[in-house]
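What follows is the content of query-v9.cif (mmCIF, C-alpha atoms).
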```
data_protein
loop_
_atom_site.label_atom_id
_atom_site.label_comp_id
_atom_site.auth_asym_id
_atom_site.auth_seq_id
_atom_site.Cartn_x
_atom_site.Cartn_y
_atom_site.Cartn_z
CA MET A 1 -36.59 -80.00 -17.12
CA ASN A 2 -33.28 -79.73 -19.00
CA GLU A 3 -31.10 -76.79 -19.94
CA ARG A 4 -32.07 -76.88 -23.62
CA LEU A 5 -35.74 -76.50 -22.69
CA LEU A 6 -34.87 -73.74 -20.23
CA HIS A 7 -32.94 -71.90 -22.96
CA TYR A 8 -35.88 -72.30 -25.29
CA ILE A 9 -38.36 -70.93 -22.72
CA TRP A 10 -36.16 -67.91 -22.11
CA GLN A 11 -35.32 -67.29 -25.79
CA PHE A 12 -38.96 -67.25 -26.91
CA ARG A 13 -40.32 -65.78 -23.65
CA TYR A 14 -42.59 -68.70 -22.92
CA PHE A 15 -43.21 -67.49 -19.39
CA ASN A 16 -45.60 -65.10 -17.71
CA PRO A 17 -43.82 -61.71 -17.84
CA ASN A 18 -45.84 -60.24 -14.98
CA GLU A 19 -44.59 -60.03 -11.41
CA LEU A 20 -41.09 -61.25 -12.17
CA LEU A 21 -38.85 -60.69 -9.13
CA THR A 22 -35.22 -61.45 -8.41
CA SER A 23 -34.37 -63.42 -5.28
CA GLN A 24 -33.67 -60.08 -3.61
CA GLY A 25 -37.06 -58.62 -4.52
CA GLN A 26 -36.11 -56.47 -7.53
CA GLN A 27 -38.78 -56.13 -10.20
CA VAL A 28 -37.68 -57.63 -13.53
CA GLN A 29 -38.83 -56.61 -16.99
CA VAL A 30 -37.35 -58.51 -19.94
CA LEU A 31 -36.91 -55.99 -22.74
CA ALA A 32 -34.88 -58.37 -24.92
CA PRO A 33 -33.83 -61.93 -23.98
CA GLY A 34 -30.62 -61.62 -25.99
CA GLU A 35 -28.98 -63.68 -28.72
CA TYR A 36 -28.42 -67.38 -28.11
CA ASN A 37 -24.71 -68.11 -27.78
CA THR A 38 -23.39 -71.53 -28.80
CA ASN A 39 -19.76 -70.61 -28.15
CA GLN A 40 -17.82 -70.17 -24.91
CA GLY A 41 -19.26 -67.78 -22.36
CA PRO A 42 -22.77 -66.89 -21.09
CA ASP A 43 -25.78 -68.48 -22.77
CA PHE A 44 -27.26 -65.25 -24.15
CA ALA A 45 -25.50 -62.11 -25.33
CA ASN A 46 -26.79 -58.55 -25.74
CA ALA A 47 -29.84 -58.95 -23.50
CA ARG A 48 -31.68 -55.90 -22.14
CA ILE A 49 -33.21 -56.15 -18.67
CA LYS A 50 -34.95 -53.58 -16.49
CA LEU A 51 -34.31 -54.10 -12.78
CA ASP A 52 -36.63 -51.81 -10.84
CA SER A 53 -36.08 -48.51 -12.66
CA THR A 54 -32.60 -49.25 -14.10
CA ILE A 55 -32.03 -50.71 -17.57
CA TRP A 56 -29.12 -53.11 -17.93
CA ALA A 57 -27.57 -54.45 -21.14
CA GLY A 58 -25.29 -57.44 -21.35
CA PRO A 59 -25.10 -61.25 -21.14
CA VAL A 60 -27.51 -63.57 -19.33
CA GLU A 61 -26.59 -67.01 -17.94
CA LEU A 62 -29.10 -69.84 -17.40
CA HIS A 63 -28.88 -72.87 -15.10
CA LEU A 64 -31.23 -75.46 -13.73
CA LYS A 65 -30.09 -74.54 -10.20
CA THR A 66 -28.54 -71.42 -8.73
CA SER A 67 -25.75 -73.54 -7.24
CA ASP A 68 -24.69 -74.55 -10.76
CA TRP A 69 -23.00 -71.14 -11.04
CA ASN A 70 -20.31 -72.19 -8.60
CA ARG A 71 -20.37 -75.82 -9.69
CA HIS A 72 -19.48 -74.76 -13.23
CA GLY A 73 -16.68 -72.49 -12.06
CA HIS A 74 -18.17 -69.22 -13.28
CA THR A 75 -17.00 -67.25 -10.24
CA SER A 76 -13.38 -67.54 -11.33
CA ASP A 77 -14.10 -67.24 -15.06
CA GLY A 78 -13.72 -63.72 -16.44
CA ASN A 79 -16.18 -64.46 -19.25
CA TYR A 80 -18.98 -64.25 -16.68
CA ASN A 81 -17.98 -61.05 -14.88
CA LYS A 82 -20.45 -58.92 -16.83
CA VAL A 83 -23.52 -61.15 -16.51
CA ILE A 84 -26.51 -58.92 -15.73
CA LEU A 85 -28.96 -61.68 -14.75
CA HIS A 86 -28.71 -65.29 -13.62
CA VAL A 87 -31.89 -67.10 -14.72
CA VAL A 88 -32.53 -70.42 -12.97
CA TRP A 89 -35.27 -73.01 -12.94
CA HIS A 90 -34.92 -73.68 -9.23
CA HIS A 91 -33.34 -71.25 -6.77
CA ASP A 92 -31.61 -73.63 -4.34
CA LEU A 93 -29.51 -71.11 -2.42
CA PRO A 94 -31.61 -69.44 0.31
CA GLU A 95 -28.89 -66.88 0.87
CA ASN A 96 -28.09 -65.38 -2.49
CA ASN A 97 -24.34 -65.02 -2.83
CA ALA A 98 -24.30 -65.26 -6.62
CA ASP A 99 -22.31 -62.81 -8.71
CA ALA A 100 -25.46 -61.60 -10.50
CA PRO A 101 -29.13 -61.07 -9.60
CA VAL A 102 -31.06 -64.35 -9.66
CA LEU A 103 -34.44 -64.85 -11.33
CA GLU A 104 -36.27 -68.13 -10.63
CA LEU A 105 -38.35 -68.91 -13.70
CA GLN A 106 -40.23 -72.05 -12.65
CA PRO A 107 -43.25 -70.34 -11.01
CA HIS A 108 -43.88 -68.33 -14.19
CA VAL A 109 -43.92 -71.15 -16.77
CA PRO A 110 -47.30 -72.77 -17.64
CA ALA A 111 -47.49 -76.37 -16.44
CA MET A 112 -49.58 -77.25 -19.52
CA MET A 113 -46.69 -76.38 -21.83
CA LEU A 114 -44.22 -78.44 -19.77
CA ASP A 115 -46.61 -81.39 -19.74
CA GLN A 116 -46.95 -81.20 -23.51
CA TYR A 117 -43.19 -81.18 -24.00
CA GLU A 118 -42.78 -84.10 -21.59
CA LYS A 119 -45.37 -86.15 -23.50
CA TRP A 120 -43.52 -85.57 -26.76
CA MET A 121 -40.19 -86.62 -25.27
CA HIS A 122 -41.65 -89.94 -24.07
CA SER A 123 -44.02 -90.55 -26.97
CA THR A 124 -43.84 -93.89 -28.78
CA GLN A 125 -45.56 -92.44 -31.86
CA ALA A 126 -43.63 -92.18 -35.11
CA VAL A 127 -44.47 -88.46 -35.06
CA PRO A 128 -44.68 -87.28 -31.41
CA CYS A 129 -47.12 -84.46 -32.16
CA GLY A 130 -49.03 -86.39 -34.85
CA ASN A 131 -52.43 -86.27 -33.17
CA GLN A 132 -52.24 -82.47 -33.04
CA LEU A 133 -51.05 -81.81 -36.60
CA GLN A 134 -54.56 -81.12 -37.85
CA HIS A 135 -54.79 -78.13 -35.49
CA VAL A 136 -51.68 -76.40 -36.88
CA ASN A 137 -52.07 -73.57 -39.36
CA THR A 138 -51.57 -74.76 -42.94
CA LEU A 139 -49.20 -71.86 -43.69
CA THR A 140 -46.99 -72.88 -40.76
CA ILE A 141 -46.70 -76.43 -42.11
CA THR A 142 -46.10 -75.25 -45.68
CA ASN A 143 -43.35 -72.84 -44.65
CA TRP A 144 -41.70 -75.48 -42.49
CA LYS A 145 -41.76 -77.99 -45.34
CA ASP A 146 -39.96 -75.41 -47.48
CA ARG A 147 -37.35 -75.08 -44.76
CA MET A 148 -37.00 -78.87 -44.46
CA LEU A 149 -36.57 -79.31 -48.21
CA SER A 150 -33.86 -76.63 -48.23
CA GLU A 151 -32.09 -78.28 -45.29
CA ARG A 152 -32.15 -81.65 -47.03
CA GLN A 153 -30.73 -80.23 -50.25
CA LEU A 154 -27.99 -78.44 -48.30
CA GLN A 155 -27.09 -81.69 -46.55
CA LYS A 156 -26.80 -83.39 -49.92
CA MET A 157 -24.77 -80.46 -51.20
CA HIS A 158 -22.26 -81.05 -48.41
CA ARG A 159 -21.76 -84.64 -49.62
CA ILE A 160 -21.49 -83.41 -53.21
CA GLN A 161 -18.77 -80.98 -52.13
CA GLN A 162 -16.82 -83.93 -50.75
CA HIS A 163 -17.04 -85.60 -54.16
CA LEU A 164 -15.95 -82.34 -55.80
CA GLN A 165 -12.83 -82.26 -53.62
CA GLN A 166 -12.02 -85.82 -54.66
CA THR A 167 -12.48 -85.07 -58.37
CA SER A 168 -10.86 -81.61 -58.61
CA ASN A 169 -14.27 -79.96 -59.06
CA HIS A 170 -15.29 -82.17 -61.99
CA TRP A 171 -19.07 -81.87 -62.06
CA GLU A 172 -19.59 -84.55 -64.72
CA GLU A 173 -17.58 -86.97 -62.59
CA VAL A 174 -19.59 -86.19 -59.48
CA PHE A 175 -22.85 -86.62 -61.36
CA TRP A 176 -21.65 -89.96 -62.80
CA ARG A 177 -20.97 -91.23 -59.27
CA LEU A 178 -24.39 -90.25 -57.97
CA LEU A 179 -26.14 -91.53 -61.09
CA CYS A 180 -24.53 -94.94 -60.58
CA ARG A 181 -25.28 -95.00 -56.88
CA TYR A 182 -29.00 -94.54 -57.40
CA PHE A 183 -29.15 -96.88 -60.38
CA GLY A 184 -27.88 -99.46 -57.90
CA GLY A 185 -30.78 -98.82 -55.53
CA ASN A 186 -30.78 -99.47 -51.80
CA VAL A 187 -29.15 -102.88 -52.14
CA ASN A 188 -26.35 -102.15 -54.61
CA GLY A 189 -25.89 -98.39 -54.38
CA GLU A 190 -22.53 -98.56 -52.64
CA SER A 191 -21.21 -101.21 -55.03
CA PHE A 192 -22.32 -99.23 -58.10
CA GLU A 193 -20.69 -96.08 -56.73
CA GLN A 194 -17.42 -97.99 -56.34
CA VAL A 195 -17.72 -99.04 -59.98
CA ALA A 196 -18.25 -95.38 -60.97
CA VAL A 197 -15.23 -94.24 -58.98
CA SER A 198 -13.08 -96.94 -60.63
CA LEU A 199 -14.24 -95.89 -64.13
CA PRO A 200 -13.93 -92.10 -64.53
CA VAL A 201 -15.87 -90.43 -67.32
CA SER A 202 -12.63 -89.61 -69.17
CA LEU A 203 -11.94 -93.35 -69.50
CA LEU A 204 -15.50 -94.18 -70.53
CA ALA A 205 -15.42 -91.41 -73.15
CA LYS A 206 -12.72 -93.31 -75.03
CA HIS A 207 -15.12 -96.24 -75.50
CA LYS A 208 -18.37 -94.32 -75.91
CA ASN A 209 -19.03 -95.69 -79.41
CA GLN A 210 -18.43 -99.33 -78.47
CA ILE A 211 -21.36 -100.60 -76.42
CA HIS A 212 -19.72 -103.99 -75.87
CA GLN A 213 -16.63 -102.38 -74.39
CA LEU A 214 -18.76 -100.23 -72.09
CA GLU A 215 -20.63 -103.32 -70.89
CA ALA A 216 -17.35 -105.17 -70.43
CA LEU A 217 -15.94 -102.34 -68.31
CA LEU A 218 -19.01 -101.94 -66.09
CA LEU A 219 -19.83 -105.63 -65.63
CA GLY A 220 -16.17 -106.55 -65.31
CA GLN A 221 -15.44 -103.97 -62.64
CA ALA A 222 -18.49 -105.19 -60.74
CA GLY A 223 -17.09 -108.73 -60.80
CA LEU A 224 -19.97 -110.13 -62.88
CA LEU A 225 -17.86 -111.58 -65.72
CA HIS A 226 -16.09 -114.91 -65.31
CA LYS A 227 -13.49 -116.86 -67.28
CA ASN A 228 -15.49 -120.10 -67.40
CA ASP A 229 -18.75 -118.62 -68.72
CA GLU A 230 -20.07 -120.85 -71.51
CA ASP A 231 -22.26 -118.16 -73.04
CA LYS A 232 -20.48 -116.79 -76.15
CA TYR A 233 -21.56 -113.20 -75.48
CA CYS A 234 -20.25 -113.38 -71.93
CA GLN A 235 -17.00 -114.91 -73.21
CA MET A 236 -16.63 -111.98 -75.58
CA LEU A 237 -17.27 -109.47 -72.79
CA TYR A 238 -14.82 -111.26 -70.52
CA THR A 239 -12.10 -111.19 -73.22
CA GLU A 240 -12.74 -107.47 -73.78
CA TYR A 241 -12.58 -106.81 -70.07
CA GLN A 242 -9.30 -108.73 -69.65
CA PHE A 243 -7.70 -106.53 -72.31
CA LEU A 244 -9.11 -103.28 -70.91
CA GLN A 245 -8.32 -104.22 -67.32
CA LYS A 246 -4.68 -104.74 -68.21
CA LYS A 247 -4.56 -101.61 -70.38
CA TYR A 248 -5.89 -99.30 -67.65
CA GLY A 249 -4.64 -101.15 -64.57
CA LEU A 250 -8.17 -101.71 -63.27
CA ARG A 251 -9.08 -103.59 -60.11
CA VAL A 252 -12.46 -105.18 -59.49
CA VAL A 253 -14.42 -103.39 -56.75
CA ASN A 254 -14.19 -104.89 -53.27
CA LYS A 255 -17.99 -104.87 -52.79
CA PRO A 256 -19.61 -106.95 -55.54
CA PRO A 257 -23.30 -106.27 -56.22
CA ALA A 258 -25.95 -108.65 -54.87
CA TYR A 259 -28.92 -110.36 -56.54
CA LEU A 260 -30.61 -111.58 -53.37
CA ARG A 261 -34.22 -110.43 -52.79
CA LEU A 262 -34.27 -108.29 -55.95
CA ARG A 263 -36.85 -108.45 -58.71
CA PRO A 264 -35.21 -109.58 -61.98
CA VAL A 265 -35.71 -106.15 -63.62
CA ASN A 266 -33.59 -104.69 -60.80
CA PHE A 267 -30.75 -107.20 -61.11
CA PRO A 268 -27.37 -105.44 -61.08
CA SER A 269 -26.43 -106.91 -64.47
CA VAL A 270 -29.53 -105.31 -66.03
CA ARG A 271 -28.89 -101.96 -64.37
CA LEU A 272 -25.23 -101.92 -65.45
CA ALA A 273 -26.22 -102.80 -69.02
CA GLN A 274 -28.66 -99.88 -68.98
CA LEU A 275 -25.95 -97.57 -67.68
CA ALA A 276 -23.69 -98.73 -70.49
CA MET A 277 -26.36 -97.78 -73.04
CA LEU A 278 -26.90 -94.44 -71.30
CA ILE A 279 -23.21 -93.62 -71.73
CA HIS A 280 -23.30 -94.91 -75.31
CA LYS A 281 -26.19 -92.56 -76.13
CA SER A 282 -24.99 -89.48 -74.28
CA LEU A 283 -21.80 -89.17 -72.26
CA HIS A 284 -21.95 -85.53 -71.10
CA LEU A 285 -25.20 -86.07 -69.26
CA PHE A 286 -24.89 -83.38 -66.64
CA SER A 287 -24.12 -80.68 -69.21
CA ARG A 288 -27.23 -81.65 -71.15
CA ILE A 289 -29.33 -81.67 -67.99
CA ARG A 290 -28.10 -78.18 -67.08
CA GLU A 291 -29.13 -76.99 -70.52
CA ALA A 292 -32.57 -78.62 -70.32
CA ASP A 293 -35.50 -76.27 -69.82
CA GLN A 294 -38.21 -78.85 -69.26
CA LEU A 295 -38.36 -82.09 -67.32
CA LYS A 296 -39.53 -84.04 -70.36
CA GLN A 297 -36.10 -83.43 -71.90
CA VAL A 298 -34.53 -85.25 -68.94
CA TRP A 299 -36.95 -88.16 -69.30
CA ARG A 300 -35.88 -88.49 -72.93
CA LEU A 301 -32.20 -88.58 -71.92
CA LEU A 302 -32.83 -91.36 -69.42
CA ASP A 303 -35.20 -93.33 -71.62
CA VAL A 304 -32.81 -95.98 -72.93
CA THR A 305 -33.01 -99.74 -73.44
CA ALA A 306 -30.18 -102.14 -72.74
CA ASN A 307 -28.39 -103.88 -75.62
CA ASP A 308 -30.28 -106.62 -77.53
CA TYR A 309 -28.57 -109.43 -75.62
CA TRP A 310 -30.43 -108.36 -72.47
CA ASN A 311 -33.81 -108.78 -74.16
CA TYR A 312 -33.41 -112.48 -73.33
CA HIS A 313 -31.31 -112.26 -70.18
CA TYR A 314 -31.49 -110.88 -66.65
CA LYS A 315 -28.22 -112.44 -65.58
CA PRO A 316 -25.18 -113.09 -67.79
CA GLY A 317 -25.39 -116.48 -69.46
CA ILE A 318 -28.89 -117.40 -68.22
CA GLU A 319 -31.64 -117.19 -70.82
CA ALA A 320 -35.10 -115.87 -69.96
CA GLU A 321 -38.30 -114.93 -71.76
CA HIS A 322 -38.10 -111.99 -74.14
CA LEU A 323 -38.47 -108.62 -72.45
CA PRO A 324 -36.70 -105.41 -73.55
CA LYS A 325 -34.87 -103.91 -70.57
CA HIS A 326 -36.11 -100.33 -70.64
CA VAL A 327 -35.12 -97.92 -67.89
CA GLY A 328 -38.43 -97.75 -66.03
CA ARG A 329 -40.15 -94.61 -64.84
CA GLN A 330 -39.61 -95.54 -61.20
CA ILE A 331 -35.81 -95.67 -61.51
CA MET A 332 -35.91 -92.44 -63.53
CA GLU A 333 -37.78 -90.70 -60.74
CA THR A 334 -35.41 -92.11 -58.11
CA VAL A 335 -32.43 -90.78 -60.06
CA LEU A 336 -34.08 -87.40 -60.54
CA ILE A 337 -34.89 -87.03 -56.83
CA ASN A 338 -31.58 -88.28 -55.46
CA ALA A 339 -29.00 -87.43 -58.13
CA ILE A 340 -30.16 -84.94 -60.75
CA CYS A 341 -31.94 -82.39 -58.56
CA PRO A 342 -29.36 -82.43 -55.71
CA VAL A 343 -26.45 -81.93 -58.13
CA LEU A 344 -28.34 -79.18 -59.99
CA PHE A 345 -29.17 -77.51 -56.66
CA ALA A 346 -25.54 -77.72 -55.52
CA TYR A 347 -24.24 -76.48 -58.88
CA GLY A 348 -26.57 -73.48 -58.75
CA LYS A 349 -25.67 -72.65 -55.15
CA LEU A 350 -21.92 -73.01 -55.56
CA ASN A 351 -21.80 -71.15 -58.88
CA ALA A 352 -24.33 -68.42 -58.03
CA GLU A 353 -26.73 -69.65 -60.74
CA GLN A 354 -30.09 -69.30 -59.04
CA ALA A 355 -31.90 -70.47 -62.17
CA GLN A 356 -30.44 -73.96 -61.69
CA VAL A 357 -31.54 -73.98 -58.04
CA GLU A 358 -35.07 -72.97 -58.99
CA LYS A 359 -35.14 -75.56 -61.76
CA ALA A 360 -34.15 -78.33 -59.35
CA LEU A 361 -36.87 -77.34 -56.87
CA ASN A 362 -39.44 -76.97 -59.64
CA TRP A 363 -38.69 -80.43 -61.04
CA LEU A 364 -39.17 -81.98 -57.60
CA GLN A 365 -42.71 -80.58 -57.66
CA GLN A 366 -43.38 -82.35 -60.98
CA VAL A 367 -42.52 -85.84 -59.73
CA PRO A 368 -44.86 -88.08 -57.69
CA ALA A 369 -44.18 -88.29 -53.97
CA GLU A 370 -42.07 -91.13 -52.64
CA LYS A 371 -43.84 -93.81 -50.65
CA ASN A 372 -41.75 -95.00 -47.72
CA VAL A 373 -41.74 -95.38 -43.95
CA TYR A 374 -41.11 -91.64 -43.51
CA THR A 375 -44.02 -90.40 -45.60
CA ARG A 376 -46.38 -93.07 -44.23
CA ALA A 377 -45.60 -91.82 -40.72
CA PHE A 378 -47.28 -88.50 -41.62
CA GLU A 379 -50.02 -89.99 -43.78
CA GLN A 380 -51.57 -91.71 -40.77
CA TYR A 381 -52.15 -88.22 -39.35
CA HIS A 382 -53.65 -86.99 -42.65
CA LEU A 383 -50.59 -85.04 -43.76
CA GLU A 384 -49.92 -86.34 -47.25
CA ALA A 385 -47.08 -85.61 -49.65
CA MET A 386 -48.35 -84.24 -52.95
CA HIS A 387 -45.05 -84.61 -54.84
CA ALA A 388 -41.36 -85.37 -54.33
CA TYR A 389 -40.77 -81.86 -52.98
CA ASP A 390 -43.10 -82.72 -50.10
CA SER A 391 -41.80 -86.25 -49.55
CA GLN A 392 -38.19 -85.07 -49.40
CA ALA A 393 -39.21 -82.43 -46.86
CA MET A 394 -41.03 -85.08 -44.79
CA ILE A 395 -38.00 -87.37 -44.83
CA GLN A 396 -35.89 -84.53 -43.44
CA LEU A 397 -38.49 -83.64 -40.80
CA LYS A 398 -38.94 -87.23 -39.67
CA LYS A 399 -35.25 -88.21 -39.58
CA GLU A 400 -33.71 -85.01 -38.27
CA TYR A 401 -36.43 -83.64 -35.98
CA CYS A 402 -39.14 -86.14 -35.04
CA ASP A 403 -36.82 -89.11 -34.50
CA ALA A 404 -34.31 -86.92 -32.65
CA ARG A 405 -37.10 -85.29 -30.62
CA ARG A 406 -35.93 -81.82 -31.68
CA CYS A 407 -39.44 -80.48 -31.06
CA LEU A 408 -38.10 -77.22 -29.65
CA GLU A 409 -36.34 -76.45 -32.95
CA CYS A 410 -39.36 -77.35 -35.09
CA ALA A 411 -41.73 -74.59 -36.21
CA ILE A 412 -44.67 -76.99 -35.97
CA GLY A 413 -43.76 -77.90 -32.38
CA ASN A 414 -43.28 -74.23 -31.58
CA ALA A 415 -46.75 -73.41 -32.89
CA MET A 416 -48.30 -76.05 -30.65
CA LEU A 417 -46.42 -74.91 -27.57
CA ARG A 418 -47.46 -71.31 -28.21
CA LYS A 419 -51.08 -72.47 -28.24
CA ASN A 420 -50.55 -74.04 -24.82
CA LEU A 421 -49.04 -70.79 -23.57
CA ALA A 422 -51.95 -68.75 -24.92
CA ALA A 423 -54.44 -71.10 -23.30
CA THR A 424 -53.15 -70.34 -19.77
#
```
Represent the structure of the file as structure tokens.
Amino acid sequence: MNERLLHYIWQFRYFNPNELLTSQGQQVQVLAPGEYNTNQGPDFANARIKLDSTIWAGPVELHLKTSDWNRHGHTSDGNYNKVILHVVWHHDLPENNADAPVLELQPHVPAMMLDQYEKWMHSTQAVPCGNQLQHVNTLTITNWKDRMLSERQLQKMHRIQQHLQQTSNHWEEVFWRLLCRYFGGNVNGESFEQVAVSLPVSLLAKHKNQIHQLEALLLGQAGLLHKNDEDKYCQMLYTEYQFLQKKYGLRVVNKPPAYLRLRPVNFPSVRLAQLAMLIHKSLHLFSRIREADQLKQVWRLLDVTANDYWNYHYKPGIEAEHLPKHVGRQIMETVLINAICPVLFAYGKLNAEQAQVEKALNWLQQVPAEKNVYTRAFEQYHLEAMHAYDSQAMIQLKKEYCDARRCLECAIGNAMLRKNLAAT
């Protein structure tokens, strides 16, 4: 038993309400458990309790042991003077000298529910309650996935707000940073974001019509251009970069991108060349995305092919078989899930434009579900993600609740515990 579980049992009345007695023999009827208090003072405020025939209203304090009242210094703390009931798991003071009536809850809580909770806390399964998921009402799971998706988008919005503070609320700049980060993928995301921060959209706009200058800026800032390159195209890019670097006072990023363990189509040089073409084709991307009504318009915006030089190259200066370097559907979907929809969601929330919020959520339902360790954890228990909306919700549920064993705060866990209570 721990205090968080005790609070949970009291808050949701997961105890037998019959024959409740204080340590002094008063009959107890819980009319309202009160409002959970996370600030200083008693654990629950505005509770309503009937002791024998008298109704009391006020705060309730909970402890694992009655003696914790004195141990925590509540006797001398004025915040606890008006406590109407001291709820404990174990009453360890035979002679009750507490400042409030004491109710021992342990005898009234079903052992089956406690056993279930204990199993979850010590489970080695990826999803502690996985074997029981099939017995949970579909509506409960659907509603909780909606909540998880909203939580995940709000978390991302918080990070977007940090970018907004850094850019004086420049939405195009924020979008450019996130776009670059997710073009870089898991391996080079941080490096690509550094490149984006070092090259603001106002600077890139000046060179929008010169694809070679855009490539020189992006590849140069990433540290992928070198003075001794023998390839004539690379020499040209390096010369352009030297001029632009001096003109704008640029410094190469301190985290160069990596090639190790990447498929050639995902090499950072290819991705940066594609980004250069994306800027060349359409600089004000976020404005155009906000104006888009249908997802196919976004696909058309992202559907670019790197400059002709890259048809025969994956790395600067190293020839390869001919293959046009299109932006593939997989990277498009990754960008949509992790950059476009989160920024749209945040923009709608922060500017009271609900249509943008709804559009972001709707687009997530039009994209295939992600396949990763988080979604596979649920698939083994026959809970599959139908689209990216679902997979994003599952990522949030797995990372923030299952892994942290926050079963008491999970609607699915709550539903299972209620079943245990009803079975007693």
I'd like the contact shell of region 211-217 of chain A - 10 Å cut-off, all atoms listed in the file, skipping same-chain residues fewer than 3 positions apart - returned as a short mmCIF file (atom, residue, chain, number, x, y, z; two decimals) with C-alpha atoms, keeping the file's coordinate frame.
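Just written: result-v6.cif:
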```cif
data_model
loop_
_atom_site.label_atom_id
_atom_site.label_comp_id
_atom_site.auth_asym_id
_atom_site.auth_seq_id
_atom_site.Cartn_x
_atom_site.Cartn_y
_atom_site.Cartn_z
CA VAL A 195 -17.72 -99.04 -59.98
CA SER A 198 -13.08 -96.94 -60.63
CA LEU A 199 -14.24 -95.89 -64.13
CA LEU A 203 -11.94 -93.35 -69.50
CA LEU A 204 -15.50 -94.18 -70.53
CA ALA A 205 -15.42 -91.41 -73.15
CA LYS A 206 -12.72 -93.31 -75.03
CA HIS A 207 -15.12 -96.24 -75.50
CA LYS A 208 -18.37 -94.32 -75.91
CA GLY A 220 -16.17 -106.55 -65.31
CA GLN A 221 -15.44 -103.97 -62.64
CA ALA A 222 -18.49 -105.19 -60.74
CA GLY A 223 -17.09 -108.73 -60.80
CA LEU A 224 -19.97 -110.13 -62.88
CA LEU A 225 -17.86 -111.58 -65.72
CA TYR A 233 -21.56 -113.20 -75.48
CA CYS A 234 -20.25 -113.38 -71.93
CA MET A 236 -16.63 -111.98 -75.58
CA LEU A 237 -17.27 -109.47 -72.79
CA TYR A 238 -14.82 -111.26 -70.52
CA THR A 239 -12.10 -111.19 -73.22
CA GLU A 240 -12.74 -107.47 -73.78
CA TYR A 241 -12.58 -106.81 -70.07
CA GLN A 242 -9.30 -108.73 -69.65
CA PHE A 243 -7.70 -106.53 -72.31
CA LEU A 244 -9.11 -103.28 -70.91
CA GLN A 245 -8.32 -104.22 -67.32
CA LEU A 250 -8.17 -101.71 -63.27
CA VAL A 252 -12.46 -105.18 -59.49
CA SER A 269 -26.43 -106.91 -64.47
CA LEU A 272 -25.23 -101.92 -65.45
CA ALA A 273 -26.22 -102.80 -69.02
CA GLN A 274 -28.66 -99.88 -68.98
CA LEU A 275 -25.95 -97.57 -67.68
CA ALA A 276 -23.69 -98.73 -70.49
CA MET A 277 -26.36 -97.78 -73.04
CA LEU A 278 -26.90 -94.44 -71.30
CA ILE A 279 -23.21 -93.62 -71.73
CA HIS A 280 -23.30 -94.91 -75.31
CA LYS A 281 -26.19 -92.56 -76.13
CA ALA A 306 -30.18 -102.14 -72.74
CA ASN A 307 -28.39 -103.88 -75.62
#
```
#### Entry: Minimum-distance residue to Leu364 (chain A), chosen among A:Leu85, A:Leu219, A:Leu149, A:Ala404 (using all atoms listed in the file)
A:Leu149
Carefully work through the PyMOL selection byres ((chain A and resi 411) around 12) for this structure and note down the residues it includes, as a CSV table (one decimal) with C-alpha atoms, in the frame of the given file.
```csv
chain,number,residue,atom,x,y,z
A,129,CYS,CA,-47.1,-84.5,-32.2
A,133,LEU,CA,-51.0,-81.8,-36.6
A,136,VAL,CA,-51.7,-76.4,-36.9
A,137,ASN,CA,-52.1,-73.6,-39.4
A,138,THR,CA,-51.6,-74.8,-42.9
A,139,LEU,CA,-49.2,-71.9,-43.7
A,140,THR,CA,-47.0,-72.9,-40.8
A,141,ILE,CA,-46.7,-76.4,-42.1
A,142,THR,CA,-46.1,-75.2,-45.7
A,143,ASN,CA,-43.4,-72.8,-44.6
A,144,TRP,CA,-41.7,-75.5,-42.5
A,145,LYS,CA,-41.8,-78.0,-45.3
A,146,ASP,CA,-40.0,-75.4,-47.5
A,147,ARG,CA,-37.4,-75.1,-44.8
A,148,MET,CA,-37.0,-78.9,-44.5
A,397,LEU,CA,-38.5,-83.6,-40.8
A,401,TYR,CA,-36.4,-83.6,-36.0
A,402,CYS,CA,-39.1,-86.1,-35.0
A,406,ARG,CA,-35.9,-81.8,-31.7
A,407,CYS,CA,-39.4,-80.5,-31.1
A,408,LEU,CA,-38.1,-77.2,-29.6
A,409,GLU,CA,-36.3,-76.4,-33.0
A,410,CYS,CA,-39.4,-77.4,-35.1
A,412,ILE,CA,-44.7,-77.0,-36.0
A,413,GLY,CA,-43.8,-77.9,-32.4
A,414,ASN,CA,-43.3,-74.2,-31.6
A,415,ALA,CA,-46.8,-73.4,-32.9
A,416,MET,CA,-48.3,-76.0,-30.6
A,417,LEU,CA,-46.4,-74.9,-27.6
A,418,ARG,CA,-47.5,-71.3,-28.2
```
### Query
Leaving out Trp120 (chain A) and any residue of its chain fewer than 5 positions from it, which residues lie within 9 Å of it when counting all atoms listed in the file, given as a PyMOL selection string?
chain A and resi 115+125+127-129+405+407
Since I can't run it myself right now, could you work out what the PyMOL selection byres ((chain A and resi 339) around 9) selects here and report it as a CSV table (one decimal) with C-alpha atoms, keeping the file's coordinate frame?
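Generated file (result_3.csv):
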```csv
chain,number,residue,atom,x,y,z
A,175,PHE,CA,-22.8,-86.6,-61.4
A,177,ARG,CA,-21.0,-91.2,-59.3
A,178,LEU,CA,-24.4,-90.2,-58.0
A,179,LEU,CA,-26.1,-91.5,-61.1
A,181,ARG,CA,-25.3,-95.0,-56.9
A,182,TYR,CA,-29.0,-94.5,-57.4
A,334,THR,CA,-35.4,-92.1,-58.1
A,335,VAL,CA,-32.4,-90.8,-60.1
A,336,LEU,CA,-34.1,-87.4,-60.5
A,337,ILE,CA,-34.9,-87.0,-56.8
A,338,ASN,CA,-31.6,-88.3,-55.5
A,340,ILE,CA,-30.2,-84.9,-60.8
A,341,CYS,CA,-31.9,-82.4,-58.6
A,342,PRO,CA,-29.4,-82.4,-55.7
A,343,VAL,CA,-26.4,-81.9,-58.1
A,344,LEU,CA,-28.3,-79.2,-60.0
```
